[in-house]
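Visitor: Data file entry-v1.cif (mmCIF, C-alpha atoms) is appended below.
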```cif
data_model
#
loop_
_atom_site.group_PDB
_atom_site.id
_atom_site.type_symbol
_atom_site.label_atom_id
_atom_site.label_comp_id
_atom_site.auth_asym_id
_atom_site.auth_seq_id
_atom_site.Cartn_x
_atom_site.Cartn_y
_atom_site.Cartn_z
ATOM 1 C CA MET M 382 -5.292 32.837 18.940
ATOM 2 C CA ASP M 383 -1.767 33.582 20.167
ATOM 3 C CA THR M 384 1.422 33.696 18.069
ATOM 4 C CA ALA M 385 2.275 30.038 18.751
ATOM 5 C CA GLY M 386 -1.226 29.058 17.673
ATOM 6 C CA TYR M 387 -0.838 30.982 14.418
ATOM 7 C CA ALA M 388 2.506 29.272 13.788
ATOM 8 C CA GLN M 389 0.899 25.860 14.315
ATOM 9 C CA GLU M 390 -1.940 26.747 11.937
ATOM 10 C CA ILE M 391 0.578 27.855 9.273
ATOM 11 C CA VAL M 392 2.479 24.562 9.589
ATOM 12 C CA GLY M 393 -0.821 22.690 9.222
ATOM 13 C CA GLU M 394 -1.623 24.648 6.063
ATOM 14 C CA LEU M 395 1.817 23.808 4.658
ATOM 15 C CA GLN M 396 1.308 20.109 5.410
ATOM 16 C CA ARG M 397 -2.014 20.153 3.546
ATOM 17 C CA SER M 398 -0.394 22.038 0.640
ATOM 18 C CA ALA M 399 2.498 19.568 0.385
ATOM 19 C CA ALA M 400 0.021 16.675 0.374
ATOM 20 C CA GLU M 401 -1.696 18.209 -2.681
ATOM 21 C CA LEU M 402 1.439 18.308 -4.856
ATOM 22 C CA ASP M 403 1.204 16.349 -8.107
ATOM 23 C CA ALA M 404 4.119 13.898 -7.842
ATOM 24 C CA GLY M 405 4.322 13.415 -11.622
ATOM 25 C CA GLY M 406 4.475 17.122 -12.365
ATOM 26 C CA VAL M 407 7.051 17.686 -9.668
ATOM 27 C CA GLU M 408 9.217 14.879 -11.055
ATOM 28 C CA GLN M 409 9.011 16.281 -14.605
ATOM 29 C CA PHE M 410 10.093 19.681 -13.289
ATOM 30 C CA ALA M 411 13.131 18.157 -11.558
ATOM 31 C CA GLU M 412 14.011 16.144 -14.681
ATOM 32 C CA LEU M 413 13.859 19.312 -16.812
ATOM 33 C CA LEU M 414 16.331 21.042 -14.514
ATOM 34 C CA GLN M 415 18.583 17.985 -14.452
ATOM 35 C CA ARG M 416 18.948 17.926 -18.254
ATOM 36 C CA SER M 417 18.941 21.678 -18.907
ATOM 37 C CA GLY M 418 21.829 23.963 -19.649
ATOM 38 C CA LYS M 419 21.843 27.114 -17.559
ATOM 39 C CA ILE M 420 18.945 27.739 -15.185
ATOM 40 C CA PHE M 421 17.470 31.232 -14.877
ATOM 41 C CA VAL M 422 15.093 31.977 -12.011
ATOM 42 C CA ALA M 423 12.649 34.867 -11.733
ATOM 43 C CA GLY M 424 9.610 35.966 -9.798
ATOM 44 C CA ALA M 425 8.161 39.201 -8.496
ATOM 45 C CA GLY M 426 7.871 40.245 -4.867
ATOM 46 C CA ARG M 427 7.996 37.460 -2.288
ATOM 47 C CA SER M 428 7.807 34.803 -5.010
ATOM 48 C CA GLY M 429 10.991 36.335 -6.396
ATOM 49 C CA LEU M 430 12.657 36.026 -2.999
ATOM 50 C CA MET M 431 11.805 32.311 -2.934
ATOM 51 C CA GLY M 432 13.311 32.052 -6.425
ATOM 52 C CA ARG M 433 16.525 33.706 -5.266
ATOM 53 C CA ALA M 434 16.818 31.127 -2.475
ATOM 54 C CA PHE M 435 16.249 28.364 -5.043
ATOM 55 C CA ALA M 436 18.922 29.740 -7.388
ATOM 56 C CA MET M 437 21.371 29.793 -4.480
ATOM 57 C CA ARG M 438 20.731 26.125 -3.691
ATOM 58 C CA LEU M 439 21.018 25.203 -7.373
ATOM 59 C CA MET M 440 24.443 26.861 -7.375
ATOM 60 C CA HIS M 441 25.394 24.962 -4.215
ATOM 61 C CA ALA M 442 24.393 21.779 -6.064
ATOM 62 C CA GLY M 443 26.834 22.640 -8.852
ATOM 63 C CA ARG M 444 24.334 23.935 -11.399
ATOM 64 C CA ALA M 445 24.852 27.075 -13.486
ATOM 65 C CA ALA M 446 21.959 29.016 -11.954
ATOM 66 C CA TYR M 447 21.228 32.718 -12.220
ATOM 67 C CA VAL M 448 18.706 35.221 -10.913
ATOM 68 C CA VAL M 449 17.221 37.268 -13.737
ATOM 69 C CA GLY M 450 18.071 40.951 -13.399
ATOM 70 C CA GLU M 451 21.403 40.615 -11.603
ATOM 71 C CA THR M 452 24.339 42.362 -13.280
ATOM 72 C CA VAL M 453 26.340 39.112 -13.555
ATOM 73 C CA THR M 454 23.503 37.121 -15.154
ATOM 74 C CA PRO M 455 24.443 36.002 -18.686
ATOM 75 C CA GLY M 456 22.087 35.782 -21.641
ATOM 76 C CA ILE M 457 19.690 32.878 -21.953
ATOM 77 C CA GLU M 458 20.230 30.466 -24.863
ATOM 78 C CA ALA M 459 18.525 27.514 -26.511
ATOM 79 C CA GLY M 460 18.763 24.515 -24.189
ATOM 80 C CA ASP M 461 18.539 26.683 -21.070
ATOM 81 C CA VAL M 462 15.473 26.947 -18.848
ATOM 82 C CA LEU M 463 13.690 29.913 -17.321
ATOM 83 C CA VAL M 464 11.978 29.029 -14.021
ATOM 84 C CA LEU M 465 9.192 31.402 -13.053
ATOM 85 C CA GLY M 466 7.375 31.502 -9.730
ATOM 86 C CA SER M 467 4.101 33.410 -10.028
ATOM 87 C CA GLY M 468 0.944 32.846 -8.015
ATOM 88 C CA SER M 469 -1.335 34.616 -10.462
ATOM 89 C CA GLY M 470 0.578 33.784 -13.633
ATOM 90 C CA GLU M 471 -0.233 37.257 -14.925
ATOM 91 C CA THR M 472 2.750 39.405 -13.870
ATOM 92 C CA LYS M 473 3.513 41.484 -16.972
ATOM 93 C CA GLY M 474 7.291 41.551 -16.567
ATOM 94 C CA LEU M 475 7.400 37.759 -16.207
ATOM 95 C CA VAL M 476 5.199 37.347 -19.284
ATOM 96 C CA ALA M 477 7.692 39.421 -21.301
ATOM 97 C CA MET M 478 10.577 37.277 -19.979
ATOM 98 C CA ALA M 479 8.776 34.074 -20.925
ATOM 99 C CA GLU M 480 8.061 35.338 -24.441
ATOM 100 C CA LYS M 481 11.702 36.337 -24.926
ATOM 101 C CA ALA M 482 13.047 33.029 -23.572
ATOM 102 C CA LYS M 483 10.767 31.007 -25.856
ATOM 103 C CA ALA M 484 11.734 33.138 -28.888
ATOM 104 C CA ILE M 485 15.390 32.280 -28.185
ATOM 105 C CA GLY M 486 14.629 28.556 -27.861
ATOM 106 C CA ALA M 487 14.855 28.164 -24.088
ATOM 107 C CA SER M 488 12.277 26.214 -22.088
ATOM 108 C CA VAL M 489 9.950 27.958 -19.670
ATOM 109 C CA ALA M 490 8.914 26.237 -16.430
ATOM 110 C CA LEU M 491 6.194 27.830 -14.322
ATOM 111 C CA VAL M 492 5.261 27.194 -10.715
ATOM 112 C CA THR M 493 1.860 28.778 -10.067
ATOM 113 C CA ILE M 494 -1.586 28.613 -8.547
ATOM 114 C CA ALA M 495 -3.108 29.358 -11.968
ATOM 115 C CA PRO M 496 -2.003 27.014 -14.789
ATOM 116 C CA GLU M 497 -4.694 28.499 -17.075
ATOM 117 C CA SER M 498 -3.079 31.958 -16.802
ATOM 118 C CA THR M 499 -1.139 33.848 -19.471
ATOM 119 C CA LEU M 500 2.141 32.393 -18.155
ATOM 120 C CA GLY M 501 0.542 28.960 -17.957
ATOM 121 C CA ARG M 502 -0.297 29.116 -21.655
ATOM 122 C CA LEU M 503 3.277 30.204 -22.486
ATOM 123 C CA ALA M 504 5.060 27.675 -20.280
ATOM 124 C CA ASP M 505 6.477 24.386 -21.539
ATOM 125 C CA TYR M 506 6.197 22.888 -18.040
ATOM 126 C CA THR M 507 3.778 23.923 -15.334
ATOM 127 C CA VAL M 508 3.542 22.823 -11.723
ATOM 128 C CA GLN M 509 0.417 23.890 -9.882
ATOM 129 C CA LEU M 510 0.765 24.650 -6.187
ATOM 130 C CA PRO M 511 -2.162 25.172 -3.855
ATOM 131 C CA GLY M 512 -2.681 28.551 -2.295
ATOM 132 C CA ALA M 513 -4.665 31.746 -2.536
ATOM 133 C CA THR M 514 -3.527 34.535 -4.800
ATOM 134 C CA LYS M 515 -3.376 38.009 -3.322
ATOM 135 C CA GLU M 516 -6.420 38.944 -5.416
ATOM 136 C CA ALA M 517 -8.537 36.181 -3.894
ATOM 137 C CA SER M 518 -11.763 37.105 -2.164
ATOM 138 C CA GLY M 519 -14.490 35.297 -0.318
ATOM 139 C CA GLU M 520 -13.849 32.117 1.657
ATOM 140 C CA ARG M 521 -10.164 31.264 1.734
ATOM 141 C CA ALA M 522 -8.218 28.062 2.242
ATOM 142 C CA THR M 523 -5.741 29.925 4.450
ATOM 143 C CA ILE M 524 -5.702 32.190 7.471
ATOM 144 C CA GLN M 525 -2.632 33.911 6.033
ATOM 145 C CA PRO M 526 -2.668 37.225 4.189
ATOM 146 C CA MET M 527 -2.388 37.629 0.468
ATOM 147 C CA ALA M 528 -0.299 34.911 -1.247
ATOM 148 C CA SER M 529 1.698 33.801 1.813
ATOM 149 C CA LEU M 530 0.615 30.153 1.569
ATOM 150 C CA PHE M 531 1.700 29.981 -2.082
ATOM 151 C CA GLU M 532 5.048 31.623 -1.350
ATOM 152 C CA GLN M 533 5.785 29.289 1.562
ATOM 153 C CA THR M 534 4.742 26.239 -0.458
ATOM 154 C CA LEU M 535 6.917 27.514 -3.314
ATOM 155 C CA LEU M 536 10.000 27.507 -1.072
ATOM 156 C CA VAL M 537 9.188 24.012 0.246
ATOM 157 C CA PHE M 538 8.661 22.802 -3.340
ATOM 158 C CA TYR M 539 11.958 24.316 -4.483
ATOM 159 C CA ASP M 540 13.789 22.687 -1.544
ATOM 160 C CA ALA M 541 12.197 19.319 -2.387
ATOM 161 C CA VAL M 542 13.465 19.668 -5.973
ATOM 162 C CA ILE M 543 16.966 20.329 -4.617
ATOM 163 C CA LEU M 544 16.780 17.143 -2.544
ATOM 164 C CA ARG M 545 15.770 15.177 -5.665
ATOM 165 C CA LEU M 546 18.642 16.656 -7.686
ATOM 166 C CA MET M 547 21.033 15.840 -4.839
ATOM 167 C CA GLU M 548 19.804 12.247 -4.883
ATOM 168 C CA TRP M 549 20.306 11.897 -8.638
ATOM 169 C CA THR M 550 23.787 13.421 -8.598
ATOM 170 C CA GLY M 551 25.045 11.919 -5.352
ATOM 171 C CA GLN M 552 25.555 15.380 -3.834
ATOM 172 C CA THR M 553 25.909 15.635 -0.071
ATOM 173 C CA THR M 554 25.359 18.594 2.196
ATOM 174 C CA THR M 555 29.096 18.595 2.908
ATOM 175 C CA GLN M 556 29.925 18.830 -0.813
ATOM 176 C CA MET M 557 27.391 21.585 -1.292
ATOM 177 C CA PHE M 558 28.748 23.528 1.672
ATOM 178 C CA GLY M 559 32.073 23.672 -0.194
ATOM 179 C CA LYS M 560 30.341 25.970 -2.713
ATOM 180 C CA HIS M 561 28.896 28.231 -0.008
ATOM 181 C CA ALA M 562 29.967 31.888 0.010
ATOM 182 C CA ASN M 563 33.195 32.252 1.997
ATOM 183 C CA LEU M 564 33.833 36.001 1.791
ATOM 184 C CA GLU M 565 31.172 36.842 4.342
#
```
If you took the structure in this file and wrote it as structure tokens, what would it be?

Guide:
Amino acid sequence: MDTAGYAQEIVGELQRSAAELDAGGVEQFAELLQRSGKIFVAGAGRSGLMGRAFAMRLMHAGRAAYVVGETVTPGIEAGDVLVLGSGSGETKGLVAMAEKAKAIGASVALVTIAPESTLGRLADYTVQLPGATKEASGERATIQPMASLFEQTLLVFYDAVILRLMEWTGQTTTQMFGKHANLE
């Protein structure tokens, strides 16, 4: 297969993944973000990069959104929400964050392949995305390496949530662009 063929196969996998999303769970996730205080986003590796992109769009939409671990990120408080993206749901550092957030009275929302995981048991809200974790073996639902399908679906899911929040708040792309970085 050539590069264009691989790209077409990836798009097909993403279409199948998007078709498997649980509409009710996705809507609950968006509603949680709509009514929350500050929004904190975290993930490890490529899932963390998708989370950073999500936090940026939340900020563009006028939400107080922060990436965990940045020097300008404030403390989490009761009424806030911690959004975690983790394919396996077992990343130790994310587990510690979830435990701390819950102890403070914040909500924890997890987007994962594995709702039965340690993070799944800790989370107040869980959205399951299709995909193969990087530990998967045997026959796979994807031609892609490691957790690529999950990470791509995660970004598409996050962007769909932004569109829903924009709809509810009447935000337009033009309004959001007014919050885009201008010191570049």

Visitor: Would you list the contacts of Ala400 of chain M as a list in words, taking every protein, DNA or RNA residue within 12 Å and counting all atoms listed in the file, but skipping same-chain residues closer than 6 positions in sequence?

Guide: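 So the residues in contact are Gly393, Glu394, Leu510, Pro511, Thr534, Val537 and Phe538 of chain M.
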
Visitor: What's the separation between atom CA of Tyr447 of chain M and atom CA of Gly551 of chain M, in Å to one decimal place?

Guide: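 These atoms are spaced 22.2 Å apart.
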
Visitor: Could you list, as a VMD selection string, every residue within 9 Å of Glu497 of chain M, counting all atoms listed in the file and ignoring same-chain residues fewer than 4 positions away?

Guide: chain M and resid 470 501 to 502

Visitor: Please report the interatomic distance between atom CA of Gly406 of chain M and atom CA of Lys560 of chain M in Å with one decimal.

Guide: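 So the two atoms, atom CA of Gly406 of chain M and atom CA of Lys560 of chain M, lie 29.0 Å apart.
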
Visitor: Any chance you could work out the residue set of the PyMOL selection byres ((chain M and resi 422-429) around 8) here, as a list of chain:residue names?

Guide: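 Here the PyMOL selection byres ((chain M and resi 422-429) around 8) matches M:Ile420, M:Phe421, M:Leu430, M:Met431, M:Gly432, M:Arg433, M:Phe435, M:Ala436, M:Ala446, M:Tyr447, M:Val448, M:Val449, M:Leu463, M:Val464, M:Leu465, M:Gly466, M:Ser467, M:Gly468, M:Thr472, M:Leu475, M:Glu532, M:Leu535.
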
Visitor: Please identify all polymer residues within 10 Å of Thr553 of chain M, counting all atoms listed in the file, omitting same-chain residues fewer than 5 positions from it, and present them as an mmCIF file with C-alpha atoms, in the frame of the given file.

Guide:
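Contents of the output file around21.cif:
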```
data_model
loop_
_atom_site.group_PDB
_atom_site.id
_atom_site.type_symbol
_atom_site.label_atom_id
_atom_site.label_comp_id
_atom_site.auth_asym_id
_atom_site.auth_seq_id
_atom_site.Cartn_x
_atom_site.Cartn_y
_atom_site.Cartn_z
ATOM 1 C CA ALA M 442 24.393 21.779 -6.064
ATOM 2 C CA LEU M 544 16.780 17.143 -2.544
ATOM 3 C CA MET M 547 21.033 15.840 -4.839
ATOM 4 C CA GLU M 548 19.804 12.247 -4.883
ATOM 5 C CA PHE M 558 28.748 23.528 1.672
#
```

Visitor: Apply the PyMOL selection byres ((chain M and resi 545) around 12) to the file shown and report the selected residues as a list in words.

Guide: Ala404, Val407, Glu408, Gln409, Phe410, Ala411, Glu412, Leu414, Gln415, Leu439, Ala442, Phe538, Tyr539, Asp540, Ala541, Val542, Ile543, Leu544, Leu546, Met547, Glu548, Trp549, Thr550, Gly551, Gln552 and Thr553 of chain M

Visitor: So, with only C-alpha atoms as the atoms that count, which of M:Ala482, M:Ile391, M:Leu564, M:Met382 lies closest to Pro526 of chain M?

Guide: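 Closest to Pro526 of chain M of all the choices is M:Ile391.
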
Visitor: Quote the spacing between atom CA of Ser488 of chain M and atom CA of Thr507 of chain M in Å to one decimal place.

Guide: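 About the pair atom CA of Ser488 of chain M and atom CA of Thr507 of chain M: they are 11.1 Å apart.
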
Visitor: From the list M:Ala562, M:Leu413, M:Leu491, M:Met557, which residue is nearest Gly460 of chain M when using all atoms listed in the file?

Guide: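 Ranked by minimum distance to Gly460 of chain M, first place goes to M:Leu413.
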
Visitor: Identify, on the basis of only C-alpha atoms, every residue whose closest approach to Ala459 of chain M does not exceed 7 Å; exclude the query and any residue fewer than 4 positions from it along the same chain; express the result as a PyMOL selection string.

Guide: chain M and resi 485-487

Visitor: Deliver the residues from the most recent selection as a file, using C-alpha atoms, as a short mmCIF file (atom, residue, chain, number, x, y, z; two decimals), in the frame of the given file.

Guide:
```cif
data_model
loop_
_atom_site.label_atom_id
_atom_site.label_comp_id
_atom_site.auth_asym_id
_atom_site.auth_seq_id
_atom_site.Cartn_x
_atom_site.Cartn_y
_atom_site.Cartn_z
CA ILE M 485 15.39 32.28 -28.18
CA GLY M 486 14.63 28.56 -27.86
CA ALA M 487 14.86 28.16 -24.09
#
```

Visitor: From the options M:Ala434, M:Leu503, M:Leu395, M:Ala477, which residue's atoms come nearest to Val489 of chain M, counting only C-alpha atoms?

Guide: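 Closest candidate: M:Leu503.
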
Visitor: Let me make sure I understand: among M:Ala522, M:Leu536, M:Val508, M:Leu530, which one has the smallest atom-to-atom distance to Leu402 of chain M if we use all atoms listed in the file?

Guide: M:Val508

Visitor: Missing atoms in segment 479-505 of chain M need filling: write out N, CA, C and O atoms for it as a compact mmCIF listing (two decimals), in the frame of the given file.

Guide:
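Output (selection.txt):
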```
# COMPACT_ATOMS: atom_id res chain seq x y z
N ALA M 479 9.13 35.38 -20.37
CA ALA M 479 8.78 34.07 -20.92
C ALA M 479 8.73 34.13 -22.45
O ALA M 479 9.23 33.23 -23.14
N GLU M 480 8.14 35.19 -22.99
CA GLU M 480 8.06 35.34 -24.44
C GLU M 480 9.46 35.42 -25.05
O GLU M 480 9.74 34.80 -26.08
N LYS M 481 10.33 36.18 -24.43
CA LYS M 481 11.70 36.34 -24.93
C LYS M 481 12.46 35.01 -24.86
O LYS M 481 13.14 34.62 -25.81
N ALA M 482 12.36 34.31 -23.74
CA ALA M 482 13.05 33.03 -23.57
C ALA M 482 12.59 32.03 -24.63
O ALA M 482 13.42 31.34 -25.24
N LYS M 483 11.30 31.94 -24.86
CA LYS M 483 10.77 31.01 -25.86
C LYS M 483 11.24 31.38 -27.26
O LYS M 483 11.56 30.51 -28.06
N ALA M 484 11.28 32.68 -27.57
CA ALA M 484 11.73 33.14 -28.89
C ALA M 484 13.18 32.74 -29.14
O ALA M 484 13.58 32.49 -30.28
N ILE M 485 13.98 32.66 -28.07
CA ILE M 485 15.39 32.28 -28.18
C ILE M 485 15.57 30.77 -28.25
O ILE M 485 16.60 30.27 -28.70
N GLY M 486 14.54 30.02 -27.83
CA GLY M 486 14.63 28.56 -27.86
C GLY M 486 14.87 27.93 -26.50
O GLY M 486 15.15 26.73 -26.41
N ALA M 487 14.74 28.71 -25.44
CA ALA M 487 14.86 28.16 -24.09
C ALA M 487 13.50 27.62 -23.65
O ALA M 487 12.45 28.01 -24.18
N SER M 488 13.51 26.72 -22.68
CA SER M 488 12.28 26.21 -22.09
C SER M 488 11.82 27.16 -20.99
O SER M 488 12.63 27.82 -20.35
N VAL M 489 10.52 27.17 -20.76
CA VAL M 489 9.95 27.96 -19.67
C VAL M 489 9.21 27.00 -18.74
O VAL M 489 8.35 26.24 -19.18
N ALA M 490 9.57 27.05 -17.46
CA ALA M 490 8.91 26.24 -16.43
C ALA M 490 8.24 27.19 -15.45
O ALA M 490 8.88 28.13 -14.95
N LEU M 491 6.98 26.96 -15.19
CA LEU M 491 6.19 27.83 -14.32
C LEU M 491 5.72 27.07 -13.10
O LEU M 491 5.23 25.95 -13.21
N VAL M 492 5.85 27.71 -11.94
CA VAL M 492 5.26 27.19 -10.72
C VAL M 492 4.23 28.23 -10.29
O VAL M 492 4.57 29.41 -10.09
N THR M 493 2.95 27.82 -10.18
CA THR M 493 1.86 28.78 -10.07
C THR M 493 0.65 28.19 -9.37
O THR M 493 0.55 26.96 -9.21
N ILE M 494 -0.26 29.04 -8.99
CA ILE M 494 -1.59 28.61 -8.55
C ILE M 494 -2.49 28.45 -9.77
O ILE M 494 -3.42 27.66 -9.76
N ALA M 495 -2.19 29.20 -10.84
CA ALA M 495 -3.11 29.36 -11.97
C ALA M 495 -2.51 28.84 -13.29
O ALA M 495 -2.01 29.63 -14.09
N PRO M 496 -2.57 27.54 -13.54
CA PRO M 496 -2.00 27.01 -14.79
C PRO M 496 -2.71 27.50 -16.05
O PRO M 496 -2.14 27.45 -17.13
N GLU M 497 -3.94 28.00 -15.92
CA GLU M 497 -4.69 28.50 -17.08
C GLU M 497 -4.38 29.96 -17.39
O GLU M 497 -4.93 30.55 -18.30
N SER M 498 -3.45 30.55 -16.66
CA SER M 498 -3.08 31.96 -16.80
C SER M 498 -2.29 32.22 -18.08
O SER M 498 -1.94 31.29 -18.82
N THR M 499 -1.97 33.47 -18.32
CA THR M 499 -1.14 33.85 -19.47
C THR M 499 0.20 33.12 -19.43
O THR M 499 0.63 32.55 -20.43
N LEU M 500 0.87 33.12 -18.26
CA LEU M 500 2.14 32.39 -18.16
C LEU M 500 1.94 30.89 -18.31
O LEU M 500 2.78 30.21 -18.89
N GLY M 501 0.84 30.38 -17.81
CA GLY M 501 0.54 28.96 -17.96
C GLY M 501 0.42 28.55 -19.41
O GLY M 501 0.88 27.47 -19.81
N ARG M 502 -0.17 29.41 -20.22
CA ARG M 502 -0.30 29.12 -21.66
C ARG M 502 1.05 29.22 -22.37
O ARG M 502 1.27 28.55 -23.38
N LEU M 503 1.95 30.05 -21.87
CA LEU M 503 3.28 30.20 -22.49
C LEU M 503 4.26 29.11 -22.06
O LEU M 503 5.18 28.78 -22.80
N ALA M 504 4.07 28.58 -20.87
CA ALA M 504 5.06 27.68 -20.28
C ALA M 504 5.10 26.32 -20.98
O ALA M 504 4.08 25.81 -21.43
N ASP M 505 6.30 25.75 -21.04
CA ASP M 505 6.48 24.39 -21.54
C ASP M 505 6.16 23.37 -20.45
O ASP M 505 5.74 22.25 -20.74
```
